[in-house]
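The structure appears right after this line, and notes come after that.
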Amino acid sequence: MRRIAERLVTEAAEYLHGLPRPWEDDLAADSAQSVSTKSTPTDVVTASDHALETLIRQRVAELRPGDAVVGEEHGGTAGDARTLWVVDPIDGTVNFLYGMPWYAVSVAAVRDGASVAGAVIEPASGRLWSAAVGGGATCDGRPLHVSAASDVSLSLLGTGFSYSAERRVRQVRMVSGLLPHVRDVRRMGAAALDLCAVAAGWVDAYLEHGCNWWDWAAGALIAAEAGAVVRTPGPTGSVPPDDGLGADALFAATPGIADEVSALAREHGAASV
């Protein structure tokens, strides 16, 4: 299933390269007609999101007949299928819309509510991240391991913000409380890749509220298999952990600082974000 996940995201990235690029000036008129919004005016979805999810669904039906698919754009349920494929066709759609290269295609195979294999690809760079339960995590075939950070004051923290203006105020309040305690904070705009960054040791910890299952289904597994302490809200419909971080908190950190960072997050209002 790991190899199938890698194949699915690779084929999707190759297909994406042949689609219109929303950020190119000569396509501005066409792209304006191919971009819509979802929960808020800042929560965008492009025609490319829909096209990639359709492609992945078709390929799952061919490669794994009988499996089910849940995708960000077209929904779905597990039904009676033993294996569910959770798909984010473009994670970081706003980055993609503007031509920033930090966006990804993410696919995870899920059984009994837990990710057992997954892959994330960065179409702009071609980097391919993947993992399987008990099989470790890799980027372009090279084994991944989280950083050895042990001093929170020298750690780099990743985060993200909601599409809701009201919720951003609460998120900024929490992050402003954390800032004096860490080296710095990065907000890059694609949860799947932020989790991969923890796996690679590019950031030491990552905390975000409001992410959906498809945002983290593959990336959280990659981070965990690289040695991170990972806390997710749980699959759609499940009961989230009652740990004071907030019902929909997504957290990953290298073990040496995980407890301290999560304690600081609680102290500065994570539960009320």
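Each chain of the structure tokens is named A, B, ... in the order shown, its residues numbered from 1; ligands are numbered from 1 in display order.
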**Asked** Neighbours of A:Val107 within 10 Å (only C-alpha atoms; same-chain residues fewer than 4 positions away dropped), as a ChimeraX atom specification?
**Response** /A:2,4-9,56,69-71,85-89,115,117-121,130,192,214-219
**Item:** Selection: 12 Å around A:Thr232, only C-alpha atoms, excl. self and same-chain fewer than 2 positions, as a PyMOL selection string
**Value:** chain A and resi 113-115+191+195+206-221+223-224+229-230+234-236+238-243+245-253
**Request:** Point out the residue among A:Ser176, A:Gln58, A:Ser162, A:Ser153 with the least atom-to-atom distance to A:Ala190, counting only C-alpha atoms.
**Result:** A:Ser162
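Those residues in stretch 67-145 of chain A carrying a DSSP assignment of alpha helix (DSSP H), computed from the backbone, are Thr93, Val94, Asn95, Phe96, Leu97 and Tyr98 of chain A.
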**Request:** Do a neighbour search on stretch 142-150 of chain A at 7 Å with only C-alpha atoms, toss out local chain neighbours closer than 3 positions, and write the hits as a PyMOL selection string.
**Result:** chain A and resi 137-139+155+198-201+204+226-228+254+256-257
Could you please take those selected residues and save all heavy atoms as a PDB file, in the first residue's frame?
ATOM      1  N   ALA A 137      10.177   5.983   7.708  1.00  0.00           N
ATOM      2  CA  ALA A 137       9.786   7.054   6.785  1.00  0.00           C
ATOM      3  C   ALA A 137      10.988   7.456   5.945  1.00  0.00           C
ATOM      4  O   ALA A 137      12.136   7.419   6.417  1.00  0.00           O
ATOM      5  CB  ALA A 137       9.273   8.259   7.567  1.00  0.00           C
ATOM      6  N   THR A 138      10.725   7.850   4.714  1.00  0.00           N
ATOM      7  CA  THR A 138      11.799   8.255   3.801  1.00  0.00           C
ATOM      8  C   THR A 138      11.408   9.496   3.015  1.00  0.00           C
ATOM      9  O   THR A 138      10.225   9.817   2.873  1.00  0.00           O
ATOM     10  CB  THR A 138      12.134   7.142   2.788  1.00  0.00           C
ATOM     11  OG1 THR A 138      10.952   6.848   2.015  1.00  0.00           O
ATOM     12  CG2 THR A 138      12.631   5.883   3.479  1.00  0.00           C
ATOM     13  N   CYS A 139      12.419  10.183   2.513  1.00  0.00           N
ATOM     14  CA  CYS A 139      12.239  11.234   1.517  1.00  0.00           C
ATOM     15  C   CYS A 139      13.152  10.886   0.360  1.00  0.00           C
ATOM     16  O   CYS A 139      14.380  10.800   0.530  1.00  0.00           O
ATOM     17  CB  CYS A 139      12.595  12.604   2.087  1.00  0.00           C
ATOM     18  SG  CYS A 139      12.434  13.956   0.880  1.00  0.00           S
ATOM     19  N   SER A 155      14.557  25.949  19.751  1.00  0.00           N
ATOM     20  CA  SER A 155      13.779  25.145  18.811  1.00  0.00           C
ATOM     21  C   SER A 155      13.013  26.010  17.828  1.00  0.00           C
ATOM     22  O   SER A 155      12.658  27.155  18.106  1.00  0.00           O
ATOM     23  CB  SER A 155      12.792  24.256  19.582  1.00  0.00           C
ATOM     24  OG  SER A 155      11.836  25.049  20.267  1.00  0.00           O
ATOM     25  N   VAL A 198       8.845  18.200  10.130  1.00  0.00           N
ATOM     26  CA  VAL A 198       9.192  17.658  11.444  1.00  0.00           C
ATOM     27  C   VAL A 198       9.946  16.344  11.269  1.00  0.00           C
ATOM     28  O   VAL A 198      10.969  16.100  11.926  1.00  0.00           O
ATOM     29  CB  VAL A 198       7.933  17.450  12.307  1.00  0.00           C
ATOM     30  CG1 VAL A 198       8.296  16.735  13.615  1.00  0.00           C
ATOM     31  CG2 VAL A 198       7.253  18.777  12.610  1.00  0.00           C
ATOM     32  N   ALA A 199       9.457  15.494  10.367  1.00  0.00           N
ATOM     33  CA  ALA A 199      10.100  14.202  10.123  1.00  0.00           C
ATOM     34  C   ALA A 199      11.547  14.370   9.673  1.00  0.00           C
ATOM     35  O   ALA A 199      12.419  13.567  10.029  1.00  0.00           O
ATOM     36  CB  ALA A 199       9.312  13.414   9.076  1.00  0.00           C
ATOM     37  N   ALA A 200      11.810  15.403   8.898  1.00  0.00           N
ATOM     38  CA  ALA A 200      13.152  15.640   8.365  1.00  0.00           C
ATOM     39  C   ALA A 200      14.052  16.412   9.315  1.00  0.00           C
ATOM     40  O   ALA A 200      15.247  16.559   9.054  1.00  0.00           O
ATOM     41  CB  ALA A 200      13.047  16.399   7.044  1.00  0.00           C
ATOM     42  N   GLY A 201      13.482  16.930  10.414  1.00  0.00           N
ATOM     43  CA  GLY A 201      14.261  17.755  11.324  1.00  0.00           C
ATOM     44  C   GLY A 201      14.418  19.185  10.866  1.00  0.00           C
ATOM     45  O   GLY A 201      15.223  19.938  11.423  1.00  0.00           O
ATOM     46  N   ASP A 204      11.446  21.669  14.599  1.00  0.00           N
ATOM     47  CA  ASP A 204      11.519  20.790  15.762  1.00  0.00           C
ATOM     48  C   ASP A 204      10.147  20.409  16.300  1.00  0.00           C
ATOM     49  O   ASP A 204      10.006  19.384  16.974  1.00  0.00           O
ATOM     50  CB  ASP A 204      12.334  21.468  16.863  1.00  0.00           C
ATOM     51  CG  ASP A 204      13.730  21.829  16.396  1.00  0.00           C
ATOM     52  OD1 ASP A 204      14.450  20.926  15.917  1.00  0.00           O
ATOM     53  OD2 ASP A 204      14.093  23.021  16.475  1.00  0.00           O
ATOM     54  N   ALA A 226       9.233   8.703  11.628  1.00  0.00           N
ATOM     55  CA  ALA A 226      10.548   9.327  11.727  1.00  0.00           C
ATOM     56  C   ALA A 226      10.949   9.596  13.165  1.00  0.00           C
ATOM     57  O   ALA A 226      12.005  10.167  13.426  1.00  0.00           O
ATOM     58  CB  ALA A 226      10.574  10.630  10.926  1.00  0.00           C
ATOM     59  N   GLY A 227      10.098   9.200  14.109  1.00  0.00           N
ATOM     60  CA  GLY A 227      10.438   9.316  15.521  1.00  0.00           C
ATOM     61  C   GLY A 227       9.745  10.431  16.272  1.00  0.00           C
ATOM     62  O   GLY A 227      10.038  10.644  17.448  1.00  0.00           O
ATOM     63  N   ALA A 228       8.830  11.145  15.638  1.00  0.00           N
ATOM     64  CA  ALA A 228       8.153  12.253  16.312  1.00  0.00           C
ATOM     65  C   ALA A 228       7.080  11.760  17.279  1.00  0.00           C
ATOM     66  O   ALA A 228       6.480  10.699  17.089  1.00  0.00           O
ATOM     67  CB  ALA A 228       7.505  13.185  15.286  1.00  0.00           C
ATOM     68  N   THR A 254       9.766  16.583  18.018  1.00  0.00           N
ATOM     69  CA  THR A 254      10.845  15.672  18.388  1.00  0.00           C
ATOM     70  C   THR A 254      10.726  15.371  19.886  1.00  0.00           C
ATOM     71  O   THR A 254      10.314  16.236  20.671  1.00  0.00           O
ATOM     72  CB  THR A 254      12.205  16.294  18.037  1.00  0.00           C
ATOM     73  OG1 THR A 254      13.233  15.304  18.167  1.00  0.00           O
ATOM     74  CG2 THR A 254      12.530  17.490  18.888  1.00  0.00           C
ATOM     75  N   GLY A 256      12.559  15.181  22.476  1.00  0.00           N
ATOM     76  CA  GLY A 256      13.276  15.939  23.485  1.00  0.00           C
ATOM     77  C   GLY A 256      12.582  17.202  23.958  1.00  0.00           C
ATOM     78  O   GLY A 256      12.896  17.706  25.045  1.00  0.00           O
ATOM     79  N   ILE A 257      11.637  17.708  23.181  1.00  0.00           N
ATOM     80  CA  ILE A 257      10.948  18.948  23.567  1.00  0.00           C
ATOM     81  C   ILE A 257       9.432  18.812  23.551  1.00  0.00           C
ATOM     82  O   ILE A 257       8.724  19.766  23.847  1.00  0.00           O
ATOM     83  CB  ILE A 257      11.357  20.129  22.653  1.00  0.00           C
ATOM     84  CG1 ILE A 257      10.953  19.848  21.194  1.00  0.00           C
ATOM     85  CG2 ILE A 257      12.849  20.428  22.779  1.00  0.00           C
ATOM     86  CD1 ILE A 257      11.061  21.063  20.297  1.00  0.00           C
TER      87      ILE A 257
END
**Asked** If you measure from atom CA of A:Ser125 to atom CA of A:Thr54, what distance in Å do you get, rounded to one decimal?
**Response** 22.8 Å
**Item:** Interatomic distance, atom CA of A:Tyr103 to atom CA of A:Ala68 (Å, one decimal)
**Value:** 24.7 Å
**Request:** Record the distance separating atom CA of A:Gly136 and atom CA of A:Asp184, expressed in Å with one decimal.
**Result:** 28.4 Å
**Item:** Selection near A:Gly244, 12 Å with only C-alpha atoms, sequence-local residues under 3 positions removed, as number ranges by chain
**Value:** A: 231, 233, 240-241, 247-249, 262-273
Write down as a PDB file with N, CA and C atoms, in the first residue's frame the residues of stretch 184-249 of chain A whose backbone DSSP state falls under strand (DSSP E or B).
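result.pdb, freshly written:
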ATOM      1  N   ASP A 184      12.188  30.544  17.011  1.00  0.00           N
ATOM      2  CA  ASP A 184      11.392  31.298  16.038  1.00  0.00           C
ATOM      3  C   ASP A 184      10.208  30.442  15.626  1.00  0.00           C
ATOM      4  N   VAL A 185       9.314  31.027  14.854  1.00  0.00           N
ATOM      5  CA  VAL A 185       8.113  30.348  14.375  1.00  0.00           C
ATOM      6  C   VAL A 185       8.039  30.465  12.862  1.00  0.00           C
ATOM      7  N   ARG A 186       7.622  29.406  12.202  1.00  0.00           N
ATOM      8  CA  ARG A 186       7.406  29.409  10.756  1.00  0.00           C
ATOM      9  C   ARG A 186       5.953  29.055  10.466  1.00  0.00           C
ATOM     10  N   ARG A 187       5.355  29.778   9.494  1.00  0.00           N
ATOM     11  CA  ARG A 187       4.002  29.464   9.032  1.00  0.00           C
ATOM     12  C   ARG A 187       4.112  29.307   7.522  1.00  0.00           C
ATOM     13  N   ALA A 205       9.143  21.233  16.014  1.00  0.00           N
ATOM     14  CA  ALA A 205       7.786  20.956  16.476  1.00  0.00           C
ATOM     15  C   ALA A 205       6.807  21.688  15.568  1.00  0.00           C
ATOM     16  N   TYR A 206       5.585  21.209  15.568  1.00  0.00           N
ATOM     17  CA  TYR A 206       4.527  21.801  14.735  1.00  0.00           C
ATOM     18  C   TYR A 206       3.209  21.683  15.480  1.00  0.00           C
ATOM     19  N   LEU A 207       2.464  22.777  15.528  1.00  0.00           N
ATOM     20  CA  LEU A 207       1.171  22.807  16.199  1.00  0.00           C
ATOM     21  C   LEU A 207       0.200  23.651  15.389  1.00  0.00           C
ATOM     22  N   GLU A 208      -0.945  23.074  15.053  1.00  0.00           N
ATOM     23  CA  GLU A 208      -1.968  23.808  14.321  1.00  0.00           C
ATOM     24  C   GLU A 208      -3.340  23.286  14.716  1.00  0.00           C
ATOM     25  N   HIS A 209      -4.303  24.191  14.774  1.00  0.00           N
ATOM     26  CA  HIS A 209      -5.687  23.818  15.048  1.00  0.00           C
ATOM     27  C   HIS A 209      -6.521  23.947  13.772  1.00  0.00           C
ATOM     28  N   VAL A 229       6.854  12.560  18.308  1.00  0.00           N
ATOM     29  CA  VAL A 229       5.673  12.409  19.148  1.00  0.00           C
ATOM     30  C   VAL A 229       4.535  13.094  18.397  1.00  0.00           C
ATOM     31  N   VAL A 230       3.491  12.361  18.084  1.00  0.00           N
ATOM     32  CA  VAL A 230       2.419  12.885  17.235  1.00  0.00           C
ATOM     33  C   VAL A 230       1.086  12.788  17.953  1.00  0.00           C
ATOM     34  N   ARG A 231       0.329  13.871  17.904  1.00  0.00           N
ATOM     35  CA  ARG A 231      -1.024  13.915  18.449  1.00  0.00           C
ATOM     36  C   ARG A 231      -1.944  14.445  17.365  1.00  0.00           C
ATOM     37  N   ALA A 249      -6.621  19.972  17.687  1.00  0.00           N
ATOM     38  CA  ALA A 249      -5.195  20.289  17.625  1.00  0.00           C
ATOM     39  C   ALA A 249      -4.436  19.180  16.899  1.00  0.00           C
TER      40      ALA A 249
END
